[in-house]
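Asker: Take this structure first; my questions come after.
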Amino acid sequence: MSWWIVVLNWNGREDTLACLASLRGLEDEPAGVVVVDNGSTDGTAAAVRGAFPEVELVETGANLGFAGGNNAGIRYALERGADWVVLLNNDATLRADALEALRRAAAAHPEAGALAGKLFFTDPPDLIWFAGQPYYPAIGYAGRPYGYRKRDAPRYRREREVGRAAGALMAVPRDVIEAVGAMDEDLFLYVEDVEWCLRIRAAGRTVRLVPDAVAWHLVSASSGGERASLHAMYYGVRNTIVVCERHRPLGRGLGWLRRAFVLVVFLGQALVLSEDRAGALRAVRDGWRDARAGRLGPRRS
């Protein structure tokens, strides 16, 4: 089985170099590694070439978003014979035995259409960020990931079926990508991993948590991290509405009720988590409007 790891970078040179250093320590048999540089201006491409000459590099020349950038890496890997493709955030570092754990799970569960890794915060490194998560498209709600901000425990070490994987560390086999397609580039950023998992599950495959496939993700446990960003607010509300209406259409009345619920959830996050409350509220408003208008792709300024 040929495995490839895709690392997407956008102006994250130091994080990407740390991520690639962790991949040099993998205990399992070698995997192909491709860094996709999404139009960075911080010299990442040159730094990767200089420090990691064994790593393949794809330069997109523009910011294609999380979905478009990862898809460029997925295509590159498949063209080179990949049987499994692992998406790994550039701000994550992989534990030495993580790839071996994914390989074992793939062999034991041929019905799996996606394997989800377990992610810890980088700071503090003993708190879980993601250990699987449900997803309820009927209401547009997932809730906290299992184990969020908790220390590891036996219930988070059990391999099991989950509702979705996190794009920060997930593996998908070639046959699934060929059957359901790659990530939806119209979503651009956020919720694209959820939408991918919904398509995978609709095709009759499972999403499984592999708790021994561990990485540390550079998210701040104290500030709310990426959930507090203006990007998260805009793309989160827009794409949640779009994905839910695509995968679980409701009647007009219930559909509007779901939209209102999603709006209220994100307004609450904007008020509680964001330091720029005015900007966050505008981002939620714009995401709501663009979802209603069907405007996808990158946010229009």
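Residue numbers start at 1 in each chain; chains themselves are named A, B, ... in the order of the structure tokens; ligands are numbered from 1 in the order shown.
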Which residues of region 113-220 of chain A have any atom within 6 Å of an atom in region 48-67 of chain A when counting only C-alpha atoms, and what is the closest pair of atoms for each, with the distance in Å to one decimal? Order the rows by chain and rising number and write it as a tab-separated table.
Answerer:
```
residue	atom	partner	partner_atom	distance
A:Met183	CA	A:Ala67	CA	5.4
A:Glu185	CA	A:Ala67	CA	5.0
A:Phe188	CA	A:Gly65	CA	4.7
A:Leu189	CA	A:Phe66	CA	5.2
```
Asker: Extract the full set of alpha helix (DSSP H) residues from region 4-111 of chain A according to DSSP on the backbone, and format it as a PyMOL selection string.
Answerer: chain A and resi 13-23+44-51+65-79+98-108
Asker: Could you write those residues out with C-alpha atoms, as a CSV table (one decimal), in the first residue's frame?
Answerer:
```csv
chain,number,residue,atom,x,y,z
A,13,ARG,CA,6.8,28.8,7.1
A,14,GLU,CA,8.0,28.0,10.6
A,15,ASP,CA,5.0,25.8,11.4
A,16,THR,CA,5.4,23.9,8.2
A,17,LEU,CA,9.1,23.3,8.9
A,18,ALA,CA,8.3,22.0,12.3
A,19,CYS,CA,5.6,19.7,10.8
A,20,LEU,CA,8.0,18.3,8.3
A,21,ALA,CA,10.6,17.7,11.0
A,22,SER,CA,8.1,15.5,12.8
A,23,LEU,CA,7.5,13.5,9.7
A,44,THR,CA,8.1,28.9,2.6
A,45,ALA,CA,8.8,27.2,-0.8
A,46,ALA,CA,12.5,28.1,-0.7
A,47,ALA,CA,12.8,27.1,3.0
A,48,VAL,CA,11.2,23.7,2.3
A,49,ARG,CA,13.5,23.1,-0.7
A,50,GLY,CA,16.5,23.9,1.4
A,51,ALA,CA,15.7,22.0,4.6
A,65,GLY,CA,-8.4,27.9,0.2
A,66,PHE,CA,-8.2,24.8,2.4
A,67,ALA,CA,-10.2,22.7,0.0
A,68,GLY,CA,-8.6,23.8,-3.2
A,69,GLY,CA,-5.0,23.6,-1.8
A,70,ASN,CA,-5.5,20.1,-0.3
A,71,ASN,CA,-7.2,18.9,-3.5
A,72,ALA,CA,-4.0,19.9,-5.4
A,73,GLY,CA,-2.0,17.7,-3.1
A,74,ILE,CA,-4.5,14.9,-3.3
A,75,ARG,CA,-4.3,15.0,-7.1
A,76,TYR,CA,-0.5,15.0,-7.0
A,77,ALA,CA,-0.5,12.0,-4.7
A,78,LEU,CA,-3.0,10.0,-6.7
A,79,GLU,CA,-1.1,10.6,-9.9
A,98,ALA,CA,0.8,7.8,14.0
A,99,LEU,CA,1.1,6.6,10.4
A,100,GLU,CA,1.6,3.0,11.6
A,101,ALA,CA,-1.7,3.3,13.6
A,102,LEU,CA,-3.5,4.5,10.5
A,103,ARG,CA,-2.1,1.6,8.4
A,104,ARG,CA,-3.3,-0.9,11.0
A,105,ALA,CA,-6.8,0.6,11.1
A,106,ALA,CA,-7.0,0.6,7.3
A,107,ALA,CA,-6.1,-3.1,7.1
A,108,ALA,CA,-8.5,-4.0,9.9
```
Asker: What is the distance between CA of Ile177 (chain A) and CA of Ile200 (chain A), in Å to one decimal?
Answerer: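 If I compute the distance from CA of Ile177 (chain A) to CA of Ile200 (chain A), I get 8.8 Å.
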Asker: For Arg300 (chain A), find every residue with an atom within 10 Å (counting only C-alpha atoms), except residues of its own chain fewer than 2 positions away, and show them as a list in words.
Answerer: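 Final neighbour list, sorted by chain and number: Asp286, Asp290, Arg295, Leu296, Gly297 and Pro298 of chain A.
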Asker: Leaving out Gly32 (chain A) and any residue of its chain fewer than 5 positions from it, which residues lie within 7 Å of it when counting only C-alpha atoms, given as a ChimeraX atom specification?
Answerer: /A:3-5
Asker: Using only C-alpha atoms, determine which residues lie at most 9 Å from region 206-222 of chain A, disregarding the query and same-chain residues fewer than 6 positions distant; provide the list as a ChimeraX atom specification.
Answerer: /A:15,88-102,105,109,111-125,127-129,131-132,149,156-165,168-169,197,200
Asker: Write to file, as a compact mmCIF listing (two decimals), in the first residue's frame, the residues of the selection just made, with N, CA and C atoms.
Answerer:
```txt
# COMPACT_ATOMS: atom_id res chain seq x y z
N ASP A 15 5.82 26.96 11.06
CA ASP A 15 4.96 25.83 11.42
C ASP A 15 5.17 24.67 10.46
N LEU A 88 -2.70 16.51 6.63
CA LEU A 88 -2.10 16.92 7.90
C LEU A 88 -1.92 18.42 7.89
N ASN A 89 -2.51 19.10 8.88
CA ASN A 89 -2.32 20.56 8.96
C ASN A 89 -0.85 20.91 9.11
N ASN A 90 -0.46 22.00 8.49
CA ASN A 90 0.94 22.42 8.61
C ASN A 90 1.30 22.88 10.02
N ASP A 91 0.29 23.23 10.84
CA ASP A 91 0.57 23.64 12.21
C ASP A 91 0.37 22.48 13.19
N ALA A 92 0.53 21.25 12.68
CA ALA A 92 0.44 20.07 13.52
C ALA A 92 1.75 19.29 13.43
N THR A 93 2.08 18.60 14.51
CA THR A 93 3.24 17.71 14.52
C THR A 93 2.74 16.31 14.82
N LEU A 94 3.23 15.35 14.06
CA LEU A 94 2.72 13.99 14.11
C LEU A 94 3.56 13.13 15.05
N ARG A 95 2.90 12.33 15.89
CA ARG A 95 3.63 11.39 16.74
C ARG A 95 4.28 10.31 15.88
N ALA A 96 5.40 9.78 16.31
CA ALA A 96 6.21 8.91 15.47
C ALA A 96 5.47 7.67 15.00
N ASP A 97 4.52 7.17 15.78
CA ASP A 97 3.82 5.94 15.42
C ASP A 97 2.45 6.18 14.81
N ALA A 98 2.14 7.43 14.48
CA ALA A 98 0.78 7.76 14.02
C ALA A 98 0.45 7.12 12.68
N LEU A 99 1.38 7.15 11.74
CA LEU A 99 1.10 6.57 10.43
C LEU A 99 0.94 5.07 10.53
N GLU A 100 1.73 4.44 11.39
CA GLU A 100 1.59 3.00 11.60
C GLU A 100 0.20 2.67 12.13
N ALA A 101 -0.32 3.50 13.03
CA ALA A 101 -1.67 3.27 13.57
C ALA A 101 -2.72 3.40 12.48
N LEU A 102 -2.56 4.37 11.58
CA LEU A 102 -3.51 4.52 10.48
C LEU A 102 -3.45 3.32 9.54
N ALA A 105 -5.32 0.40 11.13
CA ALA A 105 -6.77 0.59 11.08
C ALA A 105 -7.30 0.37 9.67
N HIS A 109 -10.10 -2.46 8.86
CA HIS A 109 -11.45 -1.96 8.56
C HIS A 109 -11.53 -1.53 7.09
N GLU A 111 -13.96 -1.37 5.29
CA GLU A 111 -15.18 -0.61 5.04
C GLU A 111 -15.02 0.88 5.34
N ALA A 112 -13.91 1.25 5.98
CA ALA A 112 -13.72 2.64 6.38
C ALA A 112 -13.46 3.51 5.16
N GLY A 113 -14.19 4.60 5.08
CA GLY A 113 -13.98 5.56 4.01
C GLY A 113 -13.15 6.75 4.43
N ALA A 114 -12.96 6.92 5.74
CA ALA A 114 -12.09 7.97 6.27
C ALA A 114 -11.65 7.55 7.66
N LEU A 115 -10.40 7.81 7.96
CA LEU A 115 -9.83 7.56 9.28
C LEU A 115 -9.49 8.89 9.92
N ALA A 116 -9.97 9.09 11.14
CA ALA A 116 -9.76 10.35 11.85
C ALA A 116 -8.69 10.17 12.89
N GLY A 117 -7.69 11.04 12.89
CA GLY A 117 -6.69 11.02 13.94
C GLY A 117 -7.18 11.73 15.18
N LYS A 118 -6.46 11.53 16.28
CA LYS A 118 -6.77 12.24 17.54
C LYS A 118 -5.78 13.38 17.70
N LEU A 119 -6.29 14.56 17.96
CA LEU A 119 -5.46 15.77 18.03
C LEU A 119 -5.48 16.35 19.44
N PHE A 120 -4.29 16.72 19.90
CA PHE A 120 -4.14 17.43 21.16
C PHE A 120 -3.75 18.87 20.87
N PHE A 121 -4.05 19.75 21.80
CA PHE A 121 -3.51 21.09 21.72
C PHE A 121 -1.98 21.03 21.80
N THR A 122 -1.31 21.92 21.11
CA THR A 122 0.13 22.07 21.31
C THR A 122 0.42 22.68 22.68
N ASP A 123 -0.43 23.58 23.11
CA ASP A 123 -0.25 24.24 24.40
C ASP A 123 -1.61 24.41 25.06
N PRO A 124 -1.89 23.65 26.13
CA PRO A 124 -1.04 22.63 26.76
C PRO A 124 -1.14 21.30 26.01
N PRO A 125 -0.05 20.54 25.95
CA PRO A 125 -0.02 19.36 25.08
C PRO A 125 -0.73 18.13 25.63
N LEU A 127 -3.95 18.23 26.68
CA LEU A 127 -5.40 18.40 26.54
C LEU A 127 -5.83 18.07 25.12
N ILE A 128 -6.92 17.35 25.01
CA ILE A 128 -7.44 16.92 23.71
C ILE A 128 -8.11 18.09 23.00
N TRP A 129 -7.86 18.19 21.72
CA TRP A 129 -8.61 19.12 20.86
C TRP A 129 -9.69 18.39 20.07
N ALA A 131 -11.22 14.24 19.42
CA ALA A 131 -11.19 12.78 19.52
C ALA A 131 -12.47 12.23 18.91
N GLY A 132 -12.79 12.74 17.72
CA GLY A 132 -14.05 12.38 17.07
C GLY A 132 -15.13 13.39 17.40
N ARG A 149 -10.66 19.72 25.40
CA ARG A 149 -10.03 20.34 26.56
C ARG A 149 -10.00 19.42 27.78
N TYR A 156 -11.45 7.84 25.50
CA TYR A 156 -10.96 8.52 24.30
C TYR A 156 -9.88 7.70 23.57
N ARG A 157 -9.58 6.52 24.11
CA ARG A 157 -8.58 5.65 23.49
C ARG A 157 -9.22 4.48 22.76
N ARG A 158 -10.54 4.51 22.61
CA ARG A 158 -11.25 3.41 21.97
C ARG A 158 -11.51 3.74 20.50
N GLU A 159 -11.04 2.85 19.63
CA GLU A 159 -11.32 3.04 18.20
C GLU A 159 -12.81 2.82 17.96
N ARG A 160 -13.44 3.73 17.24
CA ARG A 160 -14.88 3.62 17.05
C ARG A 160 -15.31 4.44 15.84
N GLU A 161 -16.56 4.23 15.45
CA GLU A 161 -17.14 5.01 14.37
C GLU A 161 -17.56 6.37 14.91
N VAL A 162 -17.31 7.43 14.13
CA VAL A 162 -17.68 8.79 14.54
C VAL A 162 -18.39 9.47 13.38
N GLY A 163 -18.95 10.64 13.66
CA GLY A 163 -19.71 11.34 12.63
C GLY A 163 -18.85 12.02 11.58
N ARG A 164 -17.68 12.52 12.01
CA ARG A 164 -16.83 13.25 11.08
C ARG A 164 -15.40 13.19 11.54
N ALA A 165 -14.49 13.38 10.58
CA ALA A 165 -13.07 13.55 10.86
C ALA A 165 -12.73 15.02 10.77
N ALA A 168 -7.55 18.44 9.88
CA ALA A 168 -6.19 18.63 10.41
C ALA A 168 -5.41 17.33 10.44
N LEU A 169 -6.11 16.18 10.52
CA LEU A 169 -5.47 14.87 10.47
C LEU A 169 -6.53 13.84 10.10
N CYS A 197 -17.01 14.16 4.74
CA CYS A 197 -17.41 12.99 5.54
C CYS A 197 -18.88 12.63 5.31
N ILE A 200 -18.95 10.74 2.13
CA ILE A 200 -18.36 9.41 2.33
C ILE A 200 -19.36 8.49 3.02
```
Asker: Considering only strand (DSSP E or B) as DSSP defines it on the backbone, what residues of region 60-293 of chain A qualify? List them as a ChimeraX atom specification.
Answerer: /A:84-89,92-94,112-123,127-130,133,136,141,151,160-161,164,169-173,206-220
Asker: Convert the current residue selection to file output with N, CA and C atoms, as a compact mmCIF listing (two decimals), in the first residue's frame.
Answerer:
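So out_17.txt came out as:
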```
# COMPACT_ATOMS: atom_id res chain seq x y z
N TRP A 84 -3.65 5.53 -0.23
CA TRP A 84 -4.25 6.31 0.84
C TRP A 84 -3.59 7.70 0.86
N VAL A 85 -4.41 8.71 1.12
CA VAL A 85 -3.91 10.08 1.25
C VAL A 85 -4.23 10.58 2.65
N VAL A 86 -3.22 11.09 3.33
CA VAL A 86 -3.37 11.64 4.68
C VAL A 86 -3.28 13.16 4.60
N LEU A 87 -4.29 13.86 5.07
CA LEU A 87 -4.23 15.32 5.19
C LEU A 87 -3.71 15.66 6.58
N LEU A 88 -2.70 16.51 6.63
CA LEU A 88 -2.10 16.92 7.90
C LEU A 88 -1.92 18.42 7.89
N ASN A 89 -2.51 19.10 8.88
CA ASN A 89 -2.32 20.56 8.96
C ASN A 89 -0.85 20.91 9.11
N ALA A 92 0.53 21.25 12.68
CA ALA A 92 0.44 20.07 13.52
C ALA A 92 1.75 19.29 13.43
N THR A 93 2.08 18.60 14.51
CA THR A 93 3.24 17.71 14.52
C THR A 93 2.74 16.31 14.82
N LEU A 94 3.23 15.35 14.06
CA LEU A 94 2.72 13.99 14.11
C LEU A 94 3.56 13.13 15.05
N ALA A 112 -13.91 1.25 5.98
CA ALA A 112 -13.72 2.64 6.38
C ALA A 112 -13.46 3.51 5.16
N GLY A 113 -14.19 4.60 5.08
CA GLY A 113 -13.98 5.56 4.01
C GLY A 113 -13.15 6.75 4.43
N ALA A 114 -12.96 6.92 5.74
CA ALA A 114 -12.09 7.97 6.27
C ALA A 114 -11.65 7.55 7.66
N LEU A 115 -10.40 7.81 7.96
CA LEU A 115 -9.83 7.56 9.28
C LEU A 115 -9.49 8.89 9.92
N ALA A 116 -9.97 9.09 11.14
CA ALA A 116 -9.76 10.35 11.85
C ALA A 116 -8.69 10.17 12.89
N GLY A 117 -7.69 11.04 12.89
CA GLY A 117 -6.69 11.02 13.94
C GLY A 117 -7.18 11.73 15.18
N LYS A 118 -6.46 11.53 16.28
CA LYS A 118 -6.77 12.24 17.54
C LYS A 118 -5.78 13.38 17.70
N LEU A 119 -6.29 14.56 17.96
CA LEU A 119 -5.46 15.77 18.03
C LEU A 119 -5.48 16.35 19.44
N PHE A 120 -4.29 16.72 19.90
CA PHE A 120 -4.14 17.43 21.16
C PHE A 120 -3.75 18.87 20.87
N PHE A 121 -4.05 19.75 21.80
CA PHE A 121 -3.51 21.09 21.72
C PHE A 121 -1.98 21.03 21.80
N THR A 122 -1.31 21.92 21.11
CA THR A 122 0.13 22.07 21.31
C THR A 122 0.42 22.68 22.68
N ASP A 123 -0.43 23.58 23.11
CA ASP A 123 -0.25 24.24 24.40
C ASP A 123 -1.61 24.41 25.06
N LEU A 127 -3.95 18.23 26.68
CA LEU A 127 -5.40 18.40 26.54
C LEU A 127 -5.83 18.07 25.12
N ILE A 128 -6.92 17.35 25.01
CA ILE A 128 -7.44 16.92 23.71
C ILE A 128 -8.11 18.09 23.00
N TRP A 129 -7.86 18.19 21.72
CA TRP A 129 -8.61 19.12 20.86
C TRP A 129 -9.69 18.39 20.07
N PHE A 130 -9.40 17.17 19.61
CA PHE A 130 -10.37 16.43 18.80
C PHE A 130 -10.15 14.94 19.00
N GLN A 133 -16.19 13.35 16.62
CA GLN A 133 -17.27 14.32 16.81
C GLN A 133 -18.50 13.82 16.06
N TYR A 136 -24.92 16.63 13.10
CA TYR A 136 -26.36 16.52 12.91
C TYR A 136 -26.80 17.53 11.86
N TYR A 141 -25.64 21.24 13.66
CA TYR A 141 -24.94 21.33 14.95
C TYR A 141 -24.06 20.11 15.15
N ARG A 151 -8.13 15.81 29.56
CA ARG A 151 -6.97 14.94 29.47
C ARG A 151 -7.39 13.58 28.93
N ARG A 160 -13.44 3.73 17.24
CA ARG A 160 -14.88 3.62 17.05
C ARG A 160 -15.31 4.44 15.84
N GLU A 161 -16.56 4.23 15.45
CA GLU A 161 -17.14 5.01 14.37
C GLU A 161 -17.56 6.37 14.91
N ARG A 164 -17.68 12.52 12.01
CA ARG A 164 -16.83 13.25 11.08
C ARG A 164 -15.40 13.19 11.54
N LEU A 169 -6.11 16.18 10.52
CA LEU A 169 -5.47 14.87 10.47
C LEU A 169 -6.53 13.84 10.10
N MET A 170 -6.58 13.50 8.83
CA MET A 170 -7.51 12.49 8.37
C MET A 170 -6.92 11.77 7.16
N ALA A 171 -7.31 10.51 7.00
CA ALA A 171 -6.81 9.69 5.89
C ALA A 171 -7.99 9.15 5.11
N VAL A 172 -7.88 9.17 3.77
CA VAL A 172 -8.96 8.74 2.89
C VAL A 172 -8.35 7.86 1.79
N PRO A 173 -8.96 6.71 1.48
CA PRO A 173 -8.40 5.83 0.46
C PRO A 173 -8.73 6.29 -0.96
N THR A 206 -17.71 4.14 6.29
CA THR A 206 -17.70 4.64 7.66
C THR A 206 -16.57 5.64 7.86
N VAL A 207 -16.72 6.43 8.93
CA VAL A 207 -15.65 7.32 9.40
C VAL A 207 -15.26 6.80 10.77
N ARG A 208 -13.99 6.47 10.95
CA ARG A 208 -13.53 5.85 12.19
C ARG A 208 -12.45 6.68 12.85
N LEU A 209 -12.59 6.83 14.17
CA LEU A 209 -11.53 7.44 14.95
C LEU A 209 -10.44 6.41 15.19
N VAL A 210 -9.19 6.81 14.93
CA VAL A 210 -8.02 5.97 15.23
C VAL A 210 -7.26 6.68 16.35
N PRO A 211 -7.53 6.34 17.60
CA PRO A 211 -7.00 7.14 18.71
C PRO A 211 -5.49 7.07 18.87
N ASP A 212 -4.84 6.06 18.28
CA ASP A 212 -3.39 5.98 18.37
C ASP A 212 -2.69 6.79 17.28
N ALA A 213 -3.45 7.34 16.36
CA ALA A 213 -2.89 8.24 15.35
C ALA A 213 -2.96 9.66 15.92
N VAL A 214 -1.90 10.06 16.59
CA VAL A 214 -1.90 11.28 17.42
C VAL A 214 -1.06 12.37 16.78
N ALA A 215 -1.59 13.59 16.86
CA ALA A 215 -0.82 14.78 16.48
C ALA A 215 -1.14 15.89 17.48
N TRP A 216 -0.25 16.88 17.51
CA TRP A 216 -0.46 18.07 18.34
C TRP A 216 -0.72 19.24 17.42
N HIS A 217 -1.81 19.95 17.68
CA HIS A 217 -2.31 21.00 16.78
C HIS A 217 -2.14 22.35 17.45
N LEU A 218 -1.57 23.31 16.73
CA LEU A 218 -1.25 24.61 17.29
C LEU A 218 -2.50 25.48 17.37
N VAL A 219 -3.31 25.21 18.40
CA VAL A 219 -4.52 25.97 18.67
C VAL A 219 -4.47 26.39 20.13
N SER A 220 -4.87 27.59 20.43
CA SER A 220 -4.83 28.06 21.80
C SER A 220 -6.03 27.57 22.58
```
Asker: Separation of CA of Val242 (chain A) and CA of Ser40 (chain A), in Å?
Answerer: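 Separation of CA of Val242 (chain A) and CA of Ser40 (chain A): 28.6 Å.
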Asker: With distances taken over only C-alpha atoms, which residue among A:Ala232, A:Val191, A:Val243, A:Val176 lies nearest Arg205 (chain A)?
Answerer: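 Residue with the minimum atom-to-atom distance to Arg205 (chain A): A:Val176.
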Asker: How many Å separate CA of Val6 (chain A) from CA of Leu187 (chain A)?
Answerer: 19.1 Å
